[in-house]
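Pasting model.txt here (compact mmCIF, C-alpha atoms and all ligand atoms):
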```txt
# COMPACT_ATOMS: atom_id res chain seq x y z
CA MET A 248 17.39 -44.99 -15.99
CA LYS A 249 20.02 -43.54 -13.69
CA VAL A 250 20.25 -39.79 -13.94
CA ASP A 251 21.72 -36.89 -12.02
CA GLU A 252 18.64 -35.60 -10.20
CA THR A 253 19.92 -32.15 -9.29
CA SER A 254 20.80 -29.24 -11.48
CA PRO A 255 20.98 -25.63 -10.29
CA ASP A 256 19.46 -24.32 -13.51
CA GLY A 257 17.09 -27.20 -14.08
CA THR A 258 18.97 -28.55 -17.11
CA LEU A 259 17.64 -31.95 -18.09
CA PRO A 260 20.02 -34.86 -18.60
CA GLU A 261 20.70 -35.73 -22.22
CA ALA A 262 19.70 -39.36 -21.66
CA ILE A 263 16.16 -38.35 -20.62
CA LEU A 264 15.75 -35.98 -23.53
CA GLN A 265 16.86 -38.67 -25.94
CA ALA A 266 14.49 -41.19 -24.37
CA TRP A 267 11.53 -38.86 -24.93
CA GLU A 268 12.70 -38.03 -28.42
CA ALA A 269 12.68 -41.75 -29.15
CA ARG A 270 9.00 -41.73 -28.14
CA GLY A 271 8.26 -38.92 -30.55
CA VAL A 272 8.27 -36.05 -28.03
CA GLY A 273 10.67 -33.29 -29.11
CA ARG A 274 13.24 -32.11 -26.56
CA ARG A 275 11.98 -28.53 -26.65
CA ASP A 276 8.44 -29.71 -25.98
CA PHE A 277 9.57 -31.92 -23.13
CA ILE A 278 11.69 -29.18 -21.54
CA LYS A 279 8.76 -26.79 -21.89
CA TYR A 280 6.45 -29.36 -20.34
CA CYS A 281 8.74 -30.04 -17.37
CA THR A 282 9.24 -26.32 -16.76
CA ALA A 283 5.48 -25.72 -16.79
CA LEU A 284 4.97 -28.70 -14.50
CA ALA A 285 7.48 -27.33 -11.97
CA ALA A 286 5.82 -23.91 -12.17
CA THR A 287 2.38 -25.46 -11.60
CA LEU A 288 3.69 -27.27 -8.53
CA ALA A 289 5.55 -24.13 -7.40
CA LEU A 290 8.83 -26.05 -7.34
CA PRO A 291 12.24 -24.44 -8.01
CA PRO A 292 13.99 -25.10 -11.36
CA ALA A 293 16.63 -27.17 -9.57
CA LEU A 294 14.02 -29.89 -9.06
CA ILE A 295 13.06 -30.17 -12.74
CA PRO A 296 15.54 -33.03 -13.39
CA ARG A 297 14.06 -34.88 -10.42
CA LEU A 298 10.54 -34.56 -11.84
CA ALA A 299 11.79 -35.83 -15.20
CA ALA A 300 13.65 -38.71 -13.55
CA ALA A 301 10.50 -39.73 -11.66
CA MET A 302 8.65 -40.02 -14.95
CA GLU A 303 11.39 -42.36 -16.18
CA ALA A 304 11.67 -44.52 -13.06
CA ASP A 305 10.86 -48.22 -13.15
CA ASN A 306 8.75 -48.21 -10.00
CA ARG A 307 5.76 -46.38 -11.42
CA PRO A 308 2.54 -47.50 -9.74
CA PRO A 309 -0.32 -49.09 -11.66
CA VAL A 310 -3.48 -47.02 -12.12
CA ILE A 311 -7.08 -48.17 -11.87
CA TRP A 312 -9.51 -45.60 -13.27
CA LEU A 313 -13.16 -45.94 -12.26
CA GLU A 314 -16.13 -44.05 -13.67
CA PHE A 315 -19.54 -43.83 -12.04
CA GLN A 316 -22.18 -41.05 -12.12
CA GLY A 317 -20.41 -38.58 -14.36
CA CYS A 318 -20.43 -37.16 -17.89
CA THR A 319 -17.02 -38.59 -18.93
CA GLY A 320 -15.81 -34.99 -19.20
CA ASP A 321 -12.73 -35.79 -17.14
CA THR A 322 -11.69 -38.64 -19.41
CA GLU A 323 -12.36 -36.36 -22.39
CA ALA A 324 -10.15 -33.68 -20.82
CA LEU A 325 -7.45 -36.26 -20.22
CA LEU A 326 -7.47 -37.47 -23.81
CA ARG A 327 -7.28 -33.95 -25.20
CA ALA A 328 -4.19 -32.91 -23.24
CA ASN A 329 -0.87 -32.99 -24.99
CA GLN A 330 2.80 -31.98 -25.18
CA PRO A 331 3.58 -34.61 -24.28
CA THR A 332 0.08 -35.96 -24.15
CA VAL A 333 -1.09 -36.69 -20.65
CA ALA A 334 -2.70 -39.76 -22.13
CA GLU A 335 0.77 -40.80 -23.20
CA LEU A 336 2.17 -40.04 -19.79
CA ILE A 337 -0.59 -41.98 -18.08
CA LEU A 338 -1.07 -44.78 -20.55
CA ASP A 339 2.53 -45.32 -21.57
CA ARG A 340 4.65 -44.23 -18.67
CA LEU A 341 2.21 -45.50 -16.06
CA SER A 342 0.55 -48.87 -16.22
CA VAL A 343 -3.18 -48.37 -16.56
CA GLU A 344 -4.69 -51.66 -15.54
CA TYR A 345 -8.30 -50.64 -15.93
CA HIS A 346 -10.16 -47.75 -17.55
CA GLU A 347 -13.64 -48.65 -18.80
CA THR A 348 -13.87 -45.92 -21.40
CA ILE A 349 -10.56 -46.34 -23.16
CA MET A 350 -9.38 -49.89 -22.48
CA ALA A 351 -9.46 -52.45 -25.28
CA ALA A 352 -11.02 -55.19 -23.17
CA ALA A 353 -14.74 -55.18 -22.38
CA GLY A 354 -17.28 -57.06 -20.28
CA ALA A 355 -16.10 -59.99 -18.18
CA GLN A 356 -12.51 -59.64 -19.43
CA ALA A 357 -12.33 -56.05 -18.25
CA GLU A 358 -13.80 -56.92 -14.88
CA GLU A 359 -11.30 -59.74 -14.44
CA ALA A 360 -8.44 -57.36 -15.26
CA LYS A 361 -9.69 -54.89 -12.64
CA TRP A 362 -9.94 -57.37 -9.80
CA ALA A 363 -6.71 -59.09 -10.76
CA ALA A 364 -4.95 -55.73 -10.55
CA VAL A 365 -6.51 -54.94 -7.16
CA GLU A 366 -5.27 -58.30 -5.85
CA LYS A 367 -1.84 -58.15 -7.43
CA TYR A 368 -1.01 -54.55 -6.52
CA LYS A 369 -2.84 -54.26 -3.20
CA GLY A 370 -1.68 -51.14 -1.36
CA GLN A 371 0.51 -50.03 -4.28
CA TYR A 372 -1.74 -48.75 -7.06
CA ILE A 373 -3.32 -45.33 -7.59
CA ALA A 374 -7.10 -45.26 -7.95
CA VAL A 375 -8.58 -42.45 -10.03
CA VAL A 376 -12.33 -41.95 -9.66
CA GLU A 377 -14.56 -39.98 -12.01
CA GLY A 378 -18.23 -39.38 -11.18
CA SER A 379 -20.18 -39.49 -7.94
CA ILE A 380 -21.29 -42.63 -6.13
CA PRO A 381 -25.04 -43.20 -5.71
CA ALA A 382 -25.61 -44.50 -2.19
CA GLY A 383 -29.42 -44.35 -2.22
CA ASP A 384 -31.49 -47.55 -2.11
CA GLY A 385 -28.46 -49.74 -1.56
CA GLY A 386 -26.56 -48.30 -4.53
CA VAL A 387 -28.87 -49.70 -7.24
CA TYR A 388 -28.64 -46.61 -9.47
CA CYS A 389 -25.16 -47.37 -10.82
CA CYS A 390 -23.85 -50.90 -11.24
CA VAL A 391 -20.86 -52.20 -13.22
CA GLY A 392 -20.39 -55.89 -13.86
CA GLY A 393 -23.28 -56.73 -11.53
CA ASP A 394 -21.79 -54.89 -8.56
CA SER A 395 -22.81 -51.49 -7.22
CA ALA A 396 -20.56 -48.45 -7.57
CA LEU A 397 -20.62 -48.19 -3.78
CA ASN A 398 -19.16 -51.68 -3.35
CA ILE A 399 -16.64 -51.23 -6.15
CA VAL A 400 -15.30 -47.92 -4.89
CA ARG A 401 -14.99 -49.28 -1.38
CA LYS A 402 -13.02 -52.32 -2.55
CA VAL A 403 -10.84 -50.50 -5.08
CA CYS A 404 -10.10 -47.29 -3.14
CA GLY A 405 -9.93 -49.15 0.16
CA ASN A 406 -6.97 -51.15 -1.17
CA ALA A 407 -5.21 -48.35 -3.06
CA ALA A 408 -2.05 -46.52 -2.01
CA ALA A 409 -3.89 -43.30 -2.81
CA THR A 410 -7.07 -42.19 -4.56
CA ILE A 411 -7.44 -39.15 -6.80
CA ALA A 412 -11.04 -37.95 -7.15
CA VAL A 413 -11.28 -36.08 -10.46
CA GLY A 414 -14.01 -33.57 -11.26
CA ASN A 415 -16.64 -32.11 -8.97
CA CYS A 416 -18.82 -35.25 -8.94
CA ALA A 417 -16.15 -37.53 -7.47
CA SER A 418 -14.83 -34.76 -5.21
CA PHE A 419 -18.08 -33.40 -3.81
CA GLY A 420 -21.00 -35.22 -5.44
CA GLY A 421 -21.31 -32.65 -8.26
CA ILE A 422 -24.47 -32.23 -10.30
CA PRO A 423 -25.86 -35.71 -9.43
CA ALA A 424 -25.84 -34.65 -5.77
CA ALA A 425 -27.69 -31.38 -6.44
CA ALA A 426 -31.05 -31.05 -4.72
CA PRO A 427 -33.15 -33.15 -4.55
CA ASN A 428 -30.36 -35.71 -5.17
CA PRO A 429 -32.65 -38.57 -6.21
CA THR A 430 -29.89 -41.21 -6.24
CA GLY A 431 -28.32 -40.21 -2.93
CA ALA A 432 -25.08 -39.30 -4.72
CA ILE A 433 -22.03 -38.86 -2.52
CA SER A 434 -18.33 -38.14 -3.01
CA VAL A 435 -15.52 -40.69 -2.95
CA GLN A 436 -14.37 -39.47 0.44
CA GLN A 437 -17.88 -39.95 1.83
CA ALA A 438 -18.11 -43.44 0.31
CA VAL A 439 -14.70 -44.54 1.59
CA PRO A 440 -14.01 -42.39 4.68
CA GLY A 441 -10.82 -44.24 5.65
CA ALA A 442 -9.12 -43.97 2.24
CA THR A 443 -6.37 -41.49 1.35
CA VAL A 444 -8.19 -39.23 -1.10
CA ILE A 445 -7.11 -36.04 -2.83
CA ASN A 446 -9.77 -34.01 -4.66
CA LEU A 447 -9.29 -32.34 -8.04
CA PRO A 448 -12.71 -30.72 -8.57
CA GLY A 449 -13.72 -28.66 -11.59
CA CYS A 450 -15.89 -29.42 -14.58
CA PRO A 451 -14.06 -30.94 -16.25
CA LEU A 452 -10.89 -31.82 -14.41
CA ASN A 453 -7.88 -29.84 -15.60
CA ALA A 454 -5.63 -32.64 -16.87
CA ASP A 455 -2.49 -30.60 -16.10
CA ASN A 456 -3.41 -30.67 -12.43
CA LEU A 457 -3.86 -34.46 -12.56
CA THR A 458 -0.47 -34.89 -14.19
CA ALA A 459 1.16 -32.58 -11.66
CA THR A 460 -0.44 -34.51 -8.78
CA ILE A 461 0.74 -37.85 -10.14
CA VAL A 462 4.24 -36.61 -10.93
CA HIS A 463 4.46 -35.11 -7.44
CA TYR A 464 3.54 -38.53 -6.06
CA LEU A 465 6.11 -40.27 -8.25
CA THR A 466 8.80 -37.75 -7.33
CA PHE A 467 8.32 -37.39 -3.59
CA GLY A 468 6.42 -40.57 -2.70
CA ARG A 469 3.48 -38.64 -1.28
CA LEU A 470 0.54 -36.56 -2.43
CA PRO A 471 0.84 -32.76 -2.48
CA ALA A 472 -0.24 -30.65 0.52
CA VAL A 473 -4.02 -30.04 0.61
CA ASP A 474 -6.52 -27.53 1.95
CA GLY A 475 -9.47 -28.28 4.24
CA LEU A 476 -11.40 -29.76 1.31
CA ASN A 477 -8.53 -32.10 0.34
CA ARG A 478 -7.69 -30.02 -2.72
CA PRO A 479 -3.97 -29.52 -3.46
CA PHE A 480 -2.76 -26.04 -2.57
CA PHE A 481 -0.72 -25.77 -5.75
CA ALA A 482 -3.93 -25.80 -7.80
CA TYR A 483 -6.58 -24.51 -5.37
CA GLY A 484 -4.60 -22.22 -3.10
CA LYS A 485 -5.87 -19.01 -4.70
CA ARG A 486 -9.18 -17.66 -5.86
CA ILE A 487 -9.99 -17.35 -9.55
CA HIS A 488 -10.39 -13.66 -8.77
CA ASP A 489 -6.78 -13.39 -7.49
CA ASN A 490 -5.18 -14.17 -10.86
CA CYS A 491 -7.94 -13.20 -13.30
CA GLU A 492 -6.78 -11.21 -16.32
CA ARG A 493 -9.89 -9.01 -15.96
CA ARG A 494 -8.94 -8.11 -12.40
CA SER A 495 -7.54 -4.68 -13.29
CA HIS A 496 -10.98 -3.84 -14.69
CA PHE A 497 -12.65 -5.01 -11.49
CA ASP A 498 -10.32 -2.78 -9.48
CA ALA A 499 -10.97 0.12 -11.84
CA GLY A 500 -14.73 -0.37 -11.63
CA GLN A 501 -15.09 -1.32 -15.30
CA TYR A 502 -17.77 -3.98 -15.80
CA ALA A 503 -19.53 -5.62 -18.71
CA GLU A 504 -23.24 -4.86 -18.21
CA ALA A 505 -24.52 -7.33 -20.81
CA PHE A 506 -23.07 -10.03 -23.03
CA GLY A 507 -21.87 -8.43 -26.25
CA ASP A 508 -21.86 -4.85 -25.00
CA ASP A 509 -18.88 -2.55 -25.33
CA GLY A 510 -17.47 -3.45 -21.91
CA HIS A 511 -17.76 -7.15 -22.70
CA ARG A 512 -15.93 -6.72 -25.99
CA ARG A 513 -13.20 -4.70 -24.26
CA GLY A 514 -12.54 -7.47 -21.74
CA HIS A 515 -14.07 -5.73 -18.73
CA CYS A 516 -14.87 -7.57 -15.51
CA LEU A 517 -17.77 -10.07 -15.65
CA TYR A 518 -18.84 -9.63 -12.04
CA LYS A 519 -22.15 -8.03 -12.95
CA LEU A 520 -22.90 -10.88 -15.34
CA GLY A 521 -22.69 -13.34 -12.49
CA CYS A 522 -19.00 -14.30 -12.30
CA LYS A 523 -18.33 -16.44 -9.22
CA GLY A 524 -14.55 -15.94 -9.40
CA PRO A 525 -14.41 -14.06 -6.07
CA GLU A 526 -15.64 -17.17 -4.26
CA THR A 527 -13.96 -19.95 -6.24
CA PHE A 528 -10.55 -21.47 -5.61
CA HIS A 529 -8.83 -22.86 -8.73
CA ASN A 530 -5.83 -22.15 -10.94
CA CYS A 531 -7.88 -21.76 -14.15
CA PRO A 532 -6.42 -18.31 -14.93
CA THR A 533 -2.83 -19.54 -14.83
CA VAL A 534 -3.04 -23.12 -16.14
CA ARG A 535 -6.07 -22.67 -18.43
CA TYR A 536 -7.52 -25.40 -20.67
CA ASN A 537 -6.91 -26.68 -24.20
CA GLU A 538 -3.12 -26.58 -24.10
CA GLY A 539 -3.18 -23.43 -22.03
CA GLN A 540 -5.09 -21.56 -24.75
CA SER A 541 -8.06 -20.25 -22.84
CA TRP A 542 -10.49 -20.64 -19.95
CA PRO A 543 -14.11 -19.54 -19.45
CA VAL A 544 -13.52 -15.99 -18.17
CA MET A 545 -10.93 -15.36 -20.88
CA ALA A 546 -13.51 -16.53 -23.43
CA GLY A 547 -16.06 -14.07 -22.06
CA HIS A 548 -18.15 -16.19 -19.69
CA GLY A 549 -18.21 -15.69 -15.95
CA CYS A 550 -16.88 -18.38 -13.63
CA ILE A 551 -19.69 -20.68 -12.39
CA GLY A 552 -17.74 -21.93 -9.38
CA CYS A 553 -17.50 -25.56 -10.53
CA ALA A 554 -14.50 -26.31 -8.27
CA GLU A 555 -16.51 -25.60 -5.12
CA PRO A 556 -18.68 -28.04 -3.13
CA HIS A 557 -22.40 -28.03 -4.03
CA PHE A 558 -21.82 -25.36 -6.69
CA TRP A 559 -25.01 -26.28 -8.53
CA ASP A 560 -27.08 -25.46 -5.44
CA THR A 561 -25.04 -22.58 -4.05
CA MET A 562 -23.75 -20.73 -7.14
CA THR A 563 -26.97 -20.55 -9.13
CA PRO A 564 -28.43 -18.52 -10.76
CA PHE A 565 -25.21 -18.41 -12.76
CA TYR A 566 -26.09 -15.16 -14.55
CA ARG A 567 -26.90 -13.15 -11.45
CA ARG A 568 -24.20 -11.37 -9.53
CA LEU A 569 -23.08 -12.80 -6.23
CA PRO A 570 -25.56 -11.62 -3.63
CA ALA A 571 -23.16 -11.41 -0.74
CA VAL A 572 -19.55 -11.03 -1.83
CA PRO A 573 -17.81 -10.30 1.44
CA GLY A 574 -17.07 -6.77 0.37
CA PHE A 575 -13.55 -5.60 0.05
CA GLY A 576 -12.37 -8.12 2.57
CA VAL A 577 -11.95 -10.31 -0.52
CA GLU A 578 -9.33 -8.00 -1.91
CA ALA A 579 -7.77 -7.17 1.43
CA THR A 580 -7.02 -10.81 2.18
CA ALA A 581 -6.34 -11.99 -1.33
CA ASP A 582 -4.17 -9.26 -2.69
CA LYS A 583 -3.46 -7.00 0.23
CA ILE A 584 -4.43 -4.00 -1.82
CA GLY A 585 -4.09 -0.71 -0.04
CA LEU A 586 -6.94 1.00 1.71
CA GLY A 587 -6.66 3.81 -0.77
CA LEU A 588 -7.30 1.54 -3.69
CA ALA A 589 -10.11 -0.20 -1.82
CA ALA A 590 -11.73 3.17 -1.20
CA ALA A 591 -11.29 4.13 -4.85
CA THR A 592 -12.80 0.81 -5.89
CA ALA A 593 -15.69 1.34 -3.52
CA LEU A 594 -16.36 4.64 -5.23
CA ALA A 595 -16.15 2.93 -8.59
CA PHE A 596 -18.60 0.31 -7.40
CA GLY A 597 -20.94 3.02 -6.29
CA ALA A 598 -20.64 4.76 -9.62
CA HIS A 599 -21.46 1.55 -11.42
CA GLY A 600 -24.30 0.58 -9.16
CA VAL A 601 -22.49 -2.50 -7.86
CA ALA A 602 -22.50 -1.28 -4.28
CA SER A 603 -26.09 -2.39 -3.95
CA ALA A 604 -24.86 -5.96 -4.40
CA PHE A 605 -23.25 -5.73 -1.00
CA ARG A 606 -26.41 -4.63 0.77
CA LYS A 607 -27.79 -7.71 2.35
CA GLY A 608 -31.03 -8.91 0.95
CA ASP A 609 -31.74 -6.42 -1.82
CA ALA A 610 -29.02 -7.32 -4.29
CA MET A 611 -30.79 -10.02 -6.22
CA GLU A 612 -34.00 -8.10 -6.50
CA SER A 613 -32.32 -4.87 -7.51
CA ASP A 614 -30.58 -6.74 -10.32
CA LYS A 615 -33.82 -8.30 -11.42
CA VAL A 616 -35.59 -4.97 -11.58
CA LYS A 617 -32.74 -3.48 -13.53
CA LYS A 618 -32.70 -6.32 -16.06
CA GLU A 619 -36.45 -6.28 -16.54
CA GLU A 620 -36.39 -2.56 -17.21
S1 LIG A 701 -15.27 -10.93 -10.84
FE1 LIG A 701 -14.75 -12.59 -12.27
S2 LIG A 701 -14.23 -11.57 -14.23
FE2 LIG A 701 -14.17 -10.01 -12.59
S3 LIG A 701 -12.02 -9.98 -11.96
FE3 LIG A 701 -13.09 -11.37 -10.56
S4 LIG A 701 -12.83 -13.40 -11.49
FE4 LIG A 701 -12.32 -11.91 -13.07
```
Could you rewrite the structure in this file as structure tokens?
Ligand code: SF4
Amino acid sequence: MKVDETSPDGTLPEAILQAWEARGVGRRDFIKYCTALAATLALPPALIPRLAAAMEADNRPPVIWLEFQGCTGDTEALLRANQPTVAELILDRLSVEYHETIMAAAGAQAEEAKWAAVEKYKGQYIAVVEGSIPAGDGGVYCCVGGDSALNIVRKVCGNAAATIAVGNCASFGGIPAAAPNPTGAISVQQAVPGATVINLPGCPLNADNLTATIVHYLTFGRLPAVDGLNRPFFAYGKRIHDNCERRSHFDAGQYAEAFGDDGHRRGHCLYKLGCKGPETFHNCPTVRYNEGQSWPVMAGHGCIGCAEPHFWDTMTPFYRRLPAVPGFGVEATADKIGLGLAAATALAFGAHGVASAFRKGDAMESDKVKKEE
């Protein structure tokens, strides 16, 4: 479909709106979706028609979705997204050649479809990988169709135009790679070092970030800019703590001391209950889950750091406060809050007994004693 791809105010061409209406997606919903997508990618409104046009273009790449050592949470997240459903975007607007969990074919037929797609679209398709890859003992711990995950991921991702690793397992090894890592689980990037891989960690993947990554690729012909861990800046450029709705309570020194207490019910900061938001980079507070309805901290549970490498080993115990938050440097670099406010917050910390958390070595024990009392 030929459309005018620029519009100063982001107005979408009538032809595109009608095309989506014909698919059962109302124009208001589609405009809302495109606006949110542009906001997620930090793009100006003038580019909204270009994003929409990319979703309509005829040169959409095929997708091969692989699943290895994972819980299927990322596929579940994908299937629960809507307006318009990401599943619709992926399954209808893109050509999904292979997805074990949701494809109609099974067994030998499915395997044939996968390898036929790899051959036919060599260098053109997008590979999406869910789950970690067991590399121990020659890869025997996860086999599909008689071949090891290690071989499959090397062949599929090695021939892809780009690979998107979804969830912490595919991005960093996740829970399967936690000590003692009996299967020798590794990430996609470790399994296929030469491949172009972008990581979308988090348990589960936030489907809006997957859509935004794919639409960025369709629109600009390249993956979004990434940080040192190959995570896109648009989604992982800020700490949870930077945009958290409980942040004003953190700054004011107002903390929930126990689940269900008055502070917890009033929406106070969950730092003392173990929140790892100050050390976790993800856009959970702004994009949220379940159609943007909520996210863990909003629902009253501290962040467990699931978007970070080795979170199961480094962020546990989940219900104990961070032992070594780098003091107010966190705030100084993240939000550039004034020294005055930092000093006031330090006083508040002292008043609430949080200051001890910053004293090296004694934080965990002091918490333990307090809880046991
Ligand atoms: S410590 Fe956690 S709950 Fe408190 S403001 Fe930071 S991210 Fe939010």
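We find atom CA of A:Ser495 and atom CA of A:Phe480 to be spaced 24.4 Å apart.
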9 Å from ligand LIG 701 (chain A) is the threshold here; counting all atoms listed in the file, which polymer residues fall inside it? Answer as a PyMOL selection string. chain A and resi 486-498+502+514-527+532+544-545+547-550
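Minimum distance to A:Ala459 across A:Ala482, A:Ala353, A:Pro543, A:Gln437 (counting only C-alpha atoms) occurs at A:Ala482.
For the atom pair formed by atom CA of A:Leu457 and atom CA of A:Gln316, the distance is 19.5 Å, given to one decimal.
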Skipping near chain neighbours, those fewer than 2 positions away, what residues fall within 6 Å of stretch 438-446 of chain A using all atoms listed in the file, listed as a PyMOL selection string? chain A and resi 401+405+409-412+418+435-436+448+477-478
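Picture a line from atom CA of A:Glu377 to atom CA of A:Leu452; it runs 9.3 Å.
By chain and then residue number, the residues within 8 Å of stretch 379-395 of chain A are Phe315, Gln316, Gly317, Gly354, Ala355, Glu358, Ile399, Cys416, Ala417, Ser418, Phe419, Gly420, Gly421, Pro423, Ala424, Pro429, Thr430, Gly431, Ala432, Ile433, Ser434, Val435 and Ala438 of chain A, counting all atoms listed in the file and disregarding those fewer than 4 positions away in sequence.
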For stretch 312-326 of chain A, where the input has fewer atoms than it should, I would like N, CA and C atoms rebuilt and written as a compact mmCIF listing (two decimals), in the coordinates of the input.
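Final file, rebuild-v9.txt:
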```
# COMPACT_ATOMS: atom_id res chain seq x y z
N TRP A 312 -8.65 -46.77 -13.07
CA TRP A 312 -9.51 -45.60 -13.27
C TRP A 312 -10.97 -46.07 -13.28
N LEU A 313 -11.75 -45.55 -12.36
CA LEU A 313 -13.16 -45.94 -12.26
C LEU A 313 -14.04 -44.78 -12.71
N GLU A 314 -15.17 -45.12 -13.32
CA GLU A 314 -16.13 -44.05 -13.67
C GLU A 314 -17.52 -44.45 -13.22
N PHE A 315 -18.18 -43.54 -12.51
CA PHE A 315 -19.54 -43.83 -12.04
C PHE A 315 -20.50 -42.77 -12.56
N GLN A 316 -21.18 -42.04 -11.66
CA GLN A 316 -22.18 -41.05 -12.12
C GLN A 316 -21.49 -39.78 -12.58
N GLY A 317 -21.08 -39.76 -13.82
CA GLY A 317 -20.41 -38.58 -14.36
C GLY A 317 -20.71 -38.45 -15.84
N CYS A 318 -20.16 -37.42 -16.46
CA CYS A 318 -20.43 -37.16 -17.89
C CYS A 318 -19.27 -37.58 -18.78
N THR A 319 -18.24 -38.19 -18.22
CA THR A 319 -17.02 -38.59 -18.93
C THR A 319 -16.20 -37.38 -19.35
N GLY A 320 -16.55 -36.20 -18.84
CA GLY A 320 -15.81 -34.99 -19.20
C GLY A 320 -14.36 -35.05 -18.75
N ASP A 321 -14.10 -35.73 -17.64
CA ASP A 321 -12.73 -35.79 -17.14
C ASP A 321 -11.86 -36.67 -18.03
N THR A 322 -12.43 -37.79 -18.47
CA THR A 322 -11.69 -38.64 -19.41
C THR A 322 -11.47 -37.88 -20.72
N GLU A 323 -12.49 -37.15 -21.17
CA GLU A 323 -12.36 -36.36 -22.39
C GLU A 323 -11.24 -35.33 -22.24
N ALA A 324 -11.20 -34.68 -21.07
CA ALA A 324 -10.15 -33.68 -20.82
C ALA A 324 -8.78 -34.34 -20.84
N LEU A 325 -8.70 -35.52 -20.26
CA LEU A 325 -7.45 -36.26 -20.22
C LEU A 325 -6.97 -36.57 -21.63
N LEU A 326 -7.86 -37.04 -22.47
CA LEU A 326 -7.47 -37.47 -23.81
C LEU A 326 -7.14 -36.31 -24.74
```
